[in-house]
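Undergrad: Quick one: the structure is below, and I'll ask about it shortly.
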Amino acid sequence: MRHAGGRPHRAHGNIFIRPAEDNKAFDGMLMDTEMLADWRRDPARARLHKMQVIVSPVKAIYCEYRLFIVKRKVVSASVYRIGGRAELSPTVEDDVLDYARAIIERWTPADSFVMDVGLTQDGLKVIEFNNINSSGFYAINVPKYVDAIQTQYG
């Protein structure tokens with residue numbers, strides 16, 4: 001396995017690892033050095049040796065939010081995890097919405113998508129972008145989301 005940057009990764013402790021391409025070769029996961037060594041020795045995983053991966057140090061995520069963006073506007077949002085446990089709430093703080101709007105101003109993967117944001121030890125961070133057609137709703141305002149989709153796309 002190689003970093004997306006091209007050099008081998010030497011893990012120390014826990015890391016988060018996932019394929020660099022959106023090919024579902026394996027699910028993103030936490031891995032320690034022993035598990036990584038086992039993967040490298042496993043002949044069934046030989047094809048993974050040449051695959052580019054994204055590796056990140058493990059970060060504590062205190063709270064996770066899901067935001068539905070339609071035509072580059074946040075139309076509904078929800079808390080979906082607090083302290084690593086599933087906890088749904090339609091109440092999302094203004095600073096999370098402001099952060100998402102700032103990200104949308106800089107770059108988006110599409111006009112409409114889902115953005116997962118986490119509150120970390122380093123502040124708010126994008127966890128991932130998801131397809132708007134296949135993301136769980138959690139505690140968002142679904143009628144508001146559906147109305148936005150119908151208004152924008154007919």
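Residue names in the structure tokens use chain letters A, B, ... in the order shown, residue numbers from 1 in each chain, and ligand numbers from 1 in the order shown.
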Counting only C-alpha atoms, give me one row per residue of region 45-111 of chain A with an atom at most 7 Å from an atom of region 14-33 of chain A, showing the shortest contact pair and its distance in Å to one decimal, sorted by chain then residue number, as a Markdown table.
TA:
| residue | atom | partner | partner_atom | distance |
| --- | --- | --- | --- | --- |
| A:Gln52 | CA | A:Ala20 | CA | 5.5 |
| A:Val53 | CA | A:Pro19 | CA | 4.4 |
| A:Ile54 | CA | A:Ala20 | CA | 5.3 |
| A:Val55 | CA | A:Ile17 | CA | 4.6 |
| A:Ser56 | CA | A:Phe16 | CA | 5.1 |
| A:Pro57 | CA | A:Ile15 | CA | 4.8 |
| A:Val58 | CA | A:Ile15 | CA | 5.2 |
Undergrad: Next, dump the selected residues to file, keeping only all heavy atoms, as a JSON list (two decimals), in the first residue's frame.
TA:
[["chain", "number", "residue", "atom", "x", "y", "z"],
["A", 52, "GLN", "N", -2.93, 3.01, -4.21],
["A", 52, "GLN", "CA", -2.71, 4.24, -3.46],
["A", 52, "GLN", "C", -3.78, 4.35, -2.38],
["A", 52, "GLN", "O", -4.96, 4.07, -2.63],
["A", 52, "GLN", "CB", -2.76, 5.46, -4.36],
["A", 52, "GLN", "CG", -1.55, 5.56, -5.26],
["A", 52, "GLN", "CD", -1.51, 6.89, -5.98],
["A", 52, "GLN", "OE1", -2.51, 7.58, -6.09],
["A", 52, "GLN", "NE2", -0.35, 7.24, -6.48],
["A", 53, "VAL", "N", -3.35, 4.73, -1.18],
["A", 53, "VAL", "CA", -4.27, 4.88, -0.06],
["A", 53, "VAL", "C", -4.08, 6.24, 0.58],
["A", 53, "VAL", "O", -3.04, 6.89, 0.42],
["A", 53, "VAL", "CB", -4.07, 3.77, 1.01],
["A", 53, "VAL", "CG1", -4.38, 2.40, 0.43],
["A", 53, "VAL", "CG2", -2.67, 3.82, 1.59],
["A", 54, "ILE", "N", -5.09, 6.66, 1.28],
["A", 54, "ILE", "CA", -5.03, 7.88, 2.08],
["A", 54, "ILE", "C", -4.86, 7.43, 3.51],
["A", 54, "ILE", "O", -5.61, 6.59, 4.00],
["A", 54, "ILE", "CB", -6.30, 8.73, 1.90],
["A", 54, "ILE", "CG1", -6.40, 9.20, 0.45],
["A", 54, "ILE", "CG2", -6.31, 9.89, 2.88],
["A", 54, "ILE", "CD1", -7.72, 9.83, 0.09],
["A", 55, "VAL", "N", -3.85, 7.98, 4.17],
["A", 55, "VAL", "CA", -3.56, 7.62, 5.55],
["A", 55, "VAL", "C", -3.60, 8.89, 6.39],
["A", 55, "VAL", "O", -3.06, 9.92, 6.00],
["A", 55, "VAL", "CB", -2.16, 6.97, 5.67],
["A", 55, "VAL", "CG1", -1.83, 6.65, 7.10],
["A", 55, "VAL", "CG2", -2.10, 5.72, 4.80],
["A", 56, "SER", "N", -4.25, 8.79, 7.53],
["A", 56, "SER", "CA", -4.38, 9.95, 8.41],
["A", 56, "SER", "C", -4.19, 9.49, 9.85],
["A", 56, "SER", "O", -4.60, 8.40, 10.22],
["A", 56, "SER", "CB", -5.78, 10.55, 8.25],
["A", 56, "SER", "OG", -6.03, 11.52, 9.22],
["A", 57, "PRO", "N", -3.58, 10.35, 10.66],
["A", 57, "PRO", "CA", -3.54, 10.01, 12.08],
["A", 57, "PRO", "C", -4.96, 10.01, 12.64],
["A", 57, "PRO", "O", -5.84, 10.70, 12.12],
["A", 57, "PRO", "CB", -2.71, 11.12, 12.71],
["A", 57, "PRO", "CG", -2.63, 12.20, 11.70],
["A", 57, "PRO", "CD", -2.95, 11.62, 10.36],
["A", 58, "VAL", "N", -5.17, 9.23, 13.65],
["A", 58, "VAL", "CA", -6.49, 9.16, 14.28],
["A", 58, "VAL", "C", -6.73, 10.45, 15.06],
["A", 58, "VAL", "O", -5.85, 10.92, 15.79],
["A", 58, "VAL", "CB", -6.59, 7.94, 15.22],
["A", 58, "VAL", "CG1", -7.91, 7.92, 15.96],
["A", 58, "VAL", "CG2", -6.40, 6.66, 14.42]]
Undergrad: Excluding Thr120 (chain A) and its own-chain neighbours fewer than 4 positions away, which residues fall within 9 Å of it when counting only C-alpha atoms? Please give them as a PyMOL selection string.
TA: chain A and resi 59-63+124-125
Undergrad: Using all heavy atoms, can you export the residues from the last selection as an mmCIF file, in the first residue's frame?
TA:
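Everything below was put into selection24.cif:
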data_model
loop_
_atom_site.group_PDB
_atom_site.id
_atom_site.type_symbol
_atom_site.label_atom_id
_atom_site.label_comp_id
_atom_site.auth_asym_id
_atom_site.auth_seq_id
_atom_site.Cartn_x
_atom_site.Cartn_y
_atom_site.Cartn_z
ATOM 1 N N LYS A 59 -7.896 11.016 14.876
ATOM 2 C CA LYS A 59 -8.289 12.242 15.575
ATOM 3 C C LYS A 59 -9.540 11.969 16.389
ATOM 4 O O LYS A 59 -10.429 11.249 15.945
ATOM 5 C CB LYS A 59 -8.605 13.363 14.578
ATOM 6 C CG LYS A 59 -7.478 13.751 13.667
ATOM 7 C CD LYS A 59 -6.572 14.713 14.355
ATOM 8 C CE LYS A 59 -5.521 15.215 13.385
ATOM 9 N NZ LYS A 59 -4.655 16.167 13.966
ATOM 10 N N ALA A 60 -9.596 12.555 17.553
ATOM 11 C CA ALA A 60 -10.813 12.463 18.353
ATOM 12 C C ALA A 60 -11.886 13.319 17.694
ATOM 13 O O ALA A 60 -11.637 14.466 17.338
ATOM 14 C CB ALA A 60 -10.551 12.946 19.773
ATOM 15 N N ILE A 61 -13.068 12.747 17.516
ATOM 16 C CA ILE A 61 -14.205 13.485 16.968
ATOM 17 C C ILE A 61 -15.264 13.525 18.064
ATOM 18 O O ILE A 61 -15.786 12.494 18.469
ATOM 19 C CB ILE A 61 -14.757 12.839 15.689
ATOM 20 C CG1 ILE A 61 -13.664 12.752 14.626
ATOM 21 C CG2 ILE A 61 -15.959 13.628 15.173
ATOM 22 C CD1 ILE A 61 -14.079 12.016 13.365
ATOM 23 N N TYR A 62 -15.562 14.729 18.532
ATOM 24 C CA TYR A 62 -16.478 14.900 19.650
ATOM 25 C C TYR A 62 -17.936 14.881 19.224
ATOM 26 O O TYR A 62 -18.796 14.395 19.954
ATOM 27 C CB TYR A 62 -16.169 16.195 20.398
ATOM 28 C CG TYR A 62 -14.718 16.310 20.793
ATOM 29 C CD1 TYR A 62 -13.934 17.355 20.329
ATOM 30 C CD2 TYR A 62 -14.115 15.350 21.607
ATOM 31 C CE1 TYR A 62 -12.597 17.452 20.684
ATOM 32 C CE2 TYR A 62 -12.781 15.444 21.963
ATOM 33 C CZ TYR A 62 -12.019 16.499 21.492
ATOM 34 O OH TYR A 62 -10.705 16.574 21.830
ATOM 35 N N CYS A 63 -18.207 15.447 18.058
ATOM 36 C CA CYS A 63 -19.580 15.530 17.571
ATOM 37 C C CYS A 63 -19.537 15.490 16.053
ATOM 38 O O CYS A 63 -18.642 16.077 15.439
ATOM 39 C CB CYS A 63 -20.225 16.830 18.063
ATOM 40 S SG CYS A 63 -22.003 16.909 17.789
ATOM 41 N N LEU A 124 -13.685 22.505 13.822
ATOM 42 C CA LEU A 124 -14.552 21.856 12.843
ATOM 43 C C LEU A 124 -13.736 21.433 11.626
ATOM 44 O O LEU A 124 -12.888 22.194 11.144
ATOM 45 C CB LEU A 124 -15.672 22.807 12.430
ATOM 46 C CG LEU A 124 -16.668 23.146 13.540
ATOM 47 C CD1 LEU A 124 -17.560 24.312 13.130
ATOM 48 C CD2 LEU A 124 -17.501 21.932 13.912
ATOM 49 N N LYS A 125 -14.009 20.228 11.141
ATOM 50 C CA LYS A 125 -13.311 19.674 9.977
ATOM 51 C C LYS A 125 -14.302 18.887 9.135
ATOM 52 O O LYS A 125 -15.210 18.244 9.663
ATOM 53 C CB LYS A 125 -12.181 18.729 10.395
ATOM 54 C CG LYS A 125 -11.121 19.365 11.259
ATOM 55 C CD LYS A 125 -10.299 20.365 10.501
ATOM 56 C CE LYS A 125 -9.244 20.994 11.387
ATOM 57 N NZ LYS A 125 -8.545 22.062 10.738
#
Undergrad: Extract, using only C-alpha atoms, all DNA, RNA and protein residues at most 10 Å from Asn133 (chain A), discarding same-chain residues fewer than 6 positions from it, and format them as a list in words.
TA: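 The neighbour list is Ser112, Phe113 and Val114 of chain A.
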Undergrad: Show me, as a list of chain:residue names, the residues that have an atom within 7 Å of Ile140 (chain A) when counting only C-alpha atoms, minus same-chain residues fewer than 5 positions from it.
TA: A:Ser76, A:Ala77, A:Ser78, A:Pro90
Undergrad: Residues of the last selection are to be written out with all heavy atoms, as a PDB file, in the first residue's frame.
TA:
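The result, written out as selection-v4.pdb:
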ATOM      1  N   SER A  76     -30.711  21.513   5.036  1.00  0.00           N
ATOM      2  CA  SER A  76     -31.092  20.855   6.279  1.00  0.00           C
ATOM      3  C   SER A  76     -29.857  20.176   6.857  1.00  0.00           C
ATOM      4  O   SER A  76     -28.933  19.823   6.126  1.00  0.00           O
ATOM      5  CB  SER A  76     -32.203  19.829   6.036  1.00  0.00           C
ATOM      6  OG  SER A  76     -32.748  19.406   7.272  1.00  0.00           O
ATOM      7  N   ALA A  77     -29.852  20.022   8.182  1.00  0.00           N
ATOM      8  CA  ALA A  77     -28.689  19.440   8.854  1.00  0.00           C
ATOM      9  C   ALA A  77     -29.123  18.718  10.111  1.00  0.00           C
ATOM     10  O   ALA A  77     -30.230  18.927  10.617  1.00  0.00           O
ATOM     11  CB  ALA A  77     -27.675  20.539   9.179  1.00  0.00           C
ATOM     12  N   SER A  78     -28.227  17.880  10.621  1.00  0.00           N
ATOM     13  CA  SER A  78     -28.532  17.064  11.780  1.00  0.00           C
ATOM     14  C   SER A  78     -27.254  16.669  12.498  1.00  0.00           C
ATOM     15  O   SER A  78     -26.211  16.496  11.872  1.00  0.00           O
ATOM     16  CB  SER A  78     -29.259  15.799  11.287  1.00  0.00           C
ATOM     17  OG  SER A  78     -29.226  14.764  12.219  1.00  0.00           O
ATOM     18  N   PRO A  90     -31.987  17.293  15.466  1.00  0.00           N
ATOM     19  CA  PRO A  90     -32.109  18.253  14.359  1.00  0.00           C
ATOM     20  C   PRO A  90     -31.478  19.610  14.685  1.00  0.00           C
ATOM     21  O   PRO A  90     -31.427  20.490  13.839  1.00  0.00           O
ATOM     22  CB  PRO A  90     -33.619  18.378  14.178  1.00  0.00           C
ATOM     23  CG  PRO A  90     -34.168  18.120  15.547  1.00  0.00           C
ATOM     24  CD  PRO A  90     -33.244  17.108  16.176  1.00  0.00           C
TER      25      PRO A  90
END
Undergrad: What's the 10 Å shell around Val74 (chain A), counting only C-alpha atoms, without same-chain residues fewer than 6 positions away, as a list of chain:residue names?
TA: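 Counting only C-alpha atoms, the residues come to A:Leu67, A:Phe68, A:Leu97, A:Asp98, A:Ala100, A:Arg101, A:Ile104, A:Ser112, A:Phe113, A:Val114, A:Met115, A:Tyr145, A:Ala148.
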Undergrad: Filtering to N, CA, C and O atoms, could you give me those residues as a PDB file, in the first residue's frame?
TA:
ATOM      1  N   LEU A  67     -24.914  17.432   6.761  1.00  0.00           N
ATOM      2  CA  LEU A  67     -25.551  18.594   6.143  1.00  0.00           C
ATOM      3  C   LEU A  67     -25.905  18.262   4.700  1.00  0.00           C
ATOM      4  O   LEU A  67     -25.054  17.789   3.936  1.00  0.00           O
ATOM      5  N   PHE A  68     -27.153  18.504   4.325  1.00  0.00           N
ATOM      6  CA  PHE A  68     -27.607  18.307   2.956  1.00  0.00           C
ATOM      7  C   PHE A  68     -27.512  19.645   2.230  1.00  0.00           C
ATOM      8  O   PHE A  68     -28.110  20.635   2.664  1.00  0.00           O
ATOM      9  N   LEU A  97     -22.989  25.518  10.692  1.00  0.00           N
ATOM     10  CA  LEU A  97     -23.570  25.957   9.426  1.00  0.00           C
ATOM     11  C   LEU A  97     -22.671  26.981   8.740  1.00  0.00           C
ATOM     12  O   LEU A  97     -22.467  26.919   7.515  1.00  0.00           O
ATOM     13  N   ASP A  98     -22.117  27.913   9.504  1.00  0.00           N
ATOM     14  CA  ASP A  98     -21.199  28.916   8.944  1.00  0.00           C
ATOM     15  C   ASP A  98     -19.954  28.255   8.372  1.00  0.00           C
ATOM     16  O   ASP A  98     -19.462  28.633   7.298  1.00  0.00           O
ATOM     17  N   ALA A 100     -19.713  25.173   7.208  1.00  0.00           N
ATOM     18  CA  ALA A 100     -20.102  24.484   5.974  1.00  0.00           C
ATOM     19  C   ALA A 100     -20.237  25.475   4.819  1.00  0.00           C
ATOM     20  O   ALA A 100     -19.783  25.202   3.707  1.00  0.00           O
ATOM     21  N   ARG A 101     -20.821  26.624   5.087  1.00  0.00           N
ATOM     22  CA  ARG A 101     -20.974  27.645   4.027  1.00  0.00           C
ATOM     23  C   ARG A 101     -19.607  28.129   3.541  1.00  0.00           C
ATOM     24  O   ARG A 101     -19.415  28.367   2.345  1.00  0.00           O
ATOM     25  N   ILE A 104     -18.250  25.495   1.255  1.00  0.00           N
ATOM     26  CA  ILE A 104     -18.970  25.551  -0.021  1.00  0.00           C
ATOM     27  C   ILE A 104     -18.456  26.694  -0.887  1.00  0.00           C
ATOM     28  O   ILE A 104     -18.363  26.569  -2.108  1.00  0.00           O
ATOM     29  N   SER A 112     -25.060  19.637  -5.653  1.00  0.00           N
ATOM     30  CA  SER A 112     -25.853  19.095  -4.554  1.00  0.00           C
ATOM     31  C   SER A 112     -25.146  17.852  -4.021  1.00  0.00           C
ATOM     32  O   SER A 112     -24.737  16.990  -4.795  1.00  0.00           O
ATOM     33  N   PHE A 113     -25.024  17.767  -2.700  1.00  0.00           N
ATOM     34  CA  PHE A 113     -24.262  16.691  -2.072  1.00  0.00           C
ATOM     35  C   PHE A 113     -24.521  16.706  -0.575  1.00  0.00           C
ATOM     36  O   PHE A 113     -25.254  17.559  -0.074  1.00  0.00           O
ATOM     37  N   VAL A 114     -23.917  15.779   0.125  1.00  0.00           N
ATOM     38  CA  VAL A 114     -23.989  15.721   1.577  1.00  0.00           C
ATOM     39  C   VAL A 114     -22.586  15.929   2.125  1.00  0.00           C
ATOM     40  O   VAL A 114     -21.618  15.374   1.596  1.00  0.00           O
ATOM     41  N   MET A 115     -22.482  16.753   3.161  1.00  0.00           N
ATOM     42  CA  MET A 115     -21.203  17.016   3.803  1.00  0.00           C
ATOM     43  C   MET A 115     -21.302  16.557   5.257  1.00  0.00           C
ATOM     44  O   MET A 115     -22.205  16.974   5.970  1.00  0.00           O
ATOM     45  N   TYR A 145     -35.831  19.234   2.798  1.00  0.00           N
ATOM     46  CA  TYR A 145     -34.878  18.729   1.807  1.00  0.00           C
ATOM     47  C   TYR A 145     -35.590  18.379   0.507  1.00  0.00           C
ATOM     48  O   TYR A 145     -35.165  18.766  -0.577  1.00  0.00           O
ATOM     49  N   ALA A 148     -36.587  21.422  -1.395  1.00  0.00           N
ATOM     50  CA  ALA A 148     -35.444  22.048  -2.065  1.00  0.00           C
ATOM     51  C   ALA A 148     -35.077  21.297  -3.346  1.00  0.00           C
ATOM     52  O   ALA A 148     -34.798  21.905  -4.373  1.00  0.00           O
TER      53      ALA A 148
END
Undergrad: Distance CA of Glu64 (chain A)-CA of Gly118 (chain A), one decimal place?
TA: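 Between CA of Glu64 (chain A) and CA of Gly118 (chain A) the gap works out to 4.4 Å.
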Undergrad: Can you pull out every residue from chain A that DSSP, working from the backbone, puts in alpha helix (DSSP H), and format the result as a PyMOL selection string?
TA: chain A and resi 33-41+94-106+142-153
Undergrad: Taking only C-alpha atoms into account, which of A:Leu36, A:Tyr99, A:Leu48, A:Lys71 comes nearest Val126 (chain A)?
TA: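 When distances to Val126 (chain A) are compared using only C-alpha atoms, the smallest one comes from A:Tyr99.
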Undergrad: Can you tell me which residues surround Tyr65 (chain A) at a distance of at most 6 Å, considering only C-alpha atoms, apart from same-chain residues fewer than 5 positions away, and format the answer as a ChimeraX atom specification?
TA: /A:78-80,116-117
Undergrad: So that I can check the secondary structure, give me every residue of chain A assigned strand (DSSP E) by backbone DSSP, as a PyMOL selection string.
TA: chain A and resi 2-3+15-19+29-31+52-57+61-70+73-82+85-89+113-120+123-130
Undergrad: Residues of the last selection are to be written out with C-alpha atoms, as a PDB file, in the first residue's frame.
TA:
ATOM      1  CA  ARG A   2       1.285   3.413  -0.900  1.00  0.00           C
ATOM      2  CA  HIS A   3       0.355   6.929   0.190  1.00  0.00           C
ATOM      3  CA  ILE A  15      -4.078   5.276  11.729  1.00  0.00           C
ATOM      4  CA  PHE A  16      -7.137   5.792   9.567  1.00  0.00           C
ATOM      5  CA  ILE A  17      -6.725   4.273   6.109  1.00  0.00           C
ATOM      6  CA  ARG A  18      -8.900   4.153   3.007  1.00  0.00           C
ATOM      7  CA  PRO A  19      -8.435   3.761  -0.767  1.00  0.00           C
ATOM      8  CA  MET A  29     -10.994   1.859   8.826  1.00  0.00           C
ATOM      9  CA  LEU A  30      -8.815   2.300  11.863  1.00  0.00           C
ATOM     10  CA  MET A  31      -5.735   0.122  11.721  1.00  0.00           C
ATOM     11  CA  GLN A  52      -2.711   4.235  -3.457  1.00  0.00           C
ATOM     12  CA  VAL A  53      -4.272   4.881  -0.061  1.00  0.00           C
ATOM     13  CA  ILE A  54      -5.025   7.879   2.078  1.00  0.00           C
ATOM     14  CA  VAL A  55      -3.556   7.620   5.553  1.00  0.00           C
ATOM     15  CA  SER A  56      -4.384   9.948   8.409  1.00  0.00           C
ATOM     16  CA  PRO A  57      -3.543  10.007  12.082  1.00  0.00           C
ATOM     17  CA  ILE A  61     -14.205  13.485  16.968  1.00  0.00           C
ATOM     18  CA  TYR A  62     -16.478  14.900  19.650  1.00  0.00           C
ATOM     19  CA  CYS A  63     -19.580  15.530  17.571  1.00  0.00           C
ATOM     20  CA  GLU A  64     -20.553  14.651  13.990  1.00  0.00           C
ATOM     21  CA  TYR A  65     -22.996  16.481  11.747  1.00  0.00           C
ATOM     22  CA  ARG A  66     -24.619  15.680   8.408  1.00  0.00           C
ATOM     23  CA  LEU A  67     -25.551  18.594   6.143  1.00  0.00           C
ATOM     24  CA  PHE A  68     -27.607  18.307   2.956  1.00  0.00           C
ATOM     25  CA  ILE A  69     -26.529  20.859   0.358  1.00  0.00           C
ATOM     26  CA  VAL A  70     -28.773  21.573  -2.648  1.00  0.00           C
ATOM     27  CA  LYS A  73     -26.942  25.940  -0.166  1.00  0.00           C
ATOM     28  CA  VAL A  74     -27.324  24.122   3.171  1.00  0.00           C
ATOM     29  CA  VAL A  75     -30.996  23.131   3.228  1.00  0.00           C
ATOM     30  CA  SER A  76     -31.092  20.855   6.279  1.00  0.00           C
ATOM     31  CA  ALA A  77     -28.689  19.440   8.854  1.00  0.00           C
ATOM     32  CA  SER A  78     -28.532  17.064  11.780  1.00  0.00           C
ATOM     33  CA  VAL A  79     -26.307  15.831  14.560  1.00  0.00           C
ATOM     34  CA  TYR A  80     -25.765  12.086  14.134  1.00  0.00           C
ATOM     35  CA  ARG A  81     -23.060  11.146  16.613  1.00  0.00           C
ATOM     36  CA  ILE A  82     -21.813  12.565  19.919  1.00  0.00           C
ATOM     37  CA  ARG A  85     -22.187   7.088  19.971  1.00  0.00           C
ATOM     38  CA  ALA A  86     -25.209   7.456  17.692  1.00  0.00           C
ATOM     39  CA  GLU A  87     -27.269  10.371  18.913  1.00  0.00           C
ATOM     40  CA  LEU A  88     -29.669  12.108  16.560  1.00  0.00           C
ATOM     41  CA  SER A  89     -30.752  15.724  16.869  1.00  0.00           C
ATOM     42  CA  PHE A 113     -24.262  16.691  -2.072  1.00  0.00           C
ATOM     43  CA  VAL A 114     -23.989  15.721   1.577  1.00  0.00           C
ATOM     44  CA  MET A 115     -21.203  17.016   3.803  1.00  0.00           C
ATOM     45  CA  ASP A 116     -20.277  15.326   7.066  1.00  0.00           C
ATOM     46  CA  VAL A 117     -18.533  17.685   9.490  1.00  0.00           C
ATOM     47  CA  GLY A 118     -16.880  16.767  12.767  1.00  0.00           C
ATOM     48  CA  LEU A 119     -16.007  18.809  15.818  1.00  0.00           C
ATOM     49  CA  THR A 120     -12.424  17.751  16.612  1.00  0.00           C
ATOM     50  CA  GLY A 123     -12.021  22.622  15.564  1.00  0.00           C
ATOM     51  CA  LEU A 124     -14.552  21.856  12.843  1.00  0.00           C
ATOM     52  CA  LYS A 125     -13.311  19.674   9.977  1.00  0.00           C
ATOM     53  CA  VAL A 126     -14.904  18.058   6.930  1.00  0.00           C
ATOM     54  CA  ILE A 127     -15.042  14.315   7.510  1.00  0.00           C
ATOM     55  CA  GLU A 128     -16.275  13.426   4.042  1.00  0.00           C
ATOM     56  CA  PHE A 129     -18.533  14.341   1.148  1.00  0.00           C
ATOM     57  CA  ASN A 130     -21.294  11.912   0.187  1.00  0.00           C
TER      58      ASN A 130
END
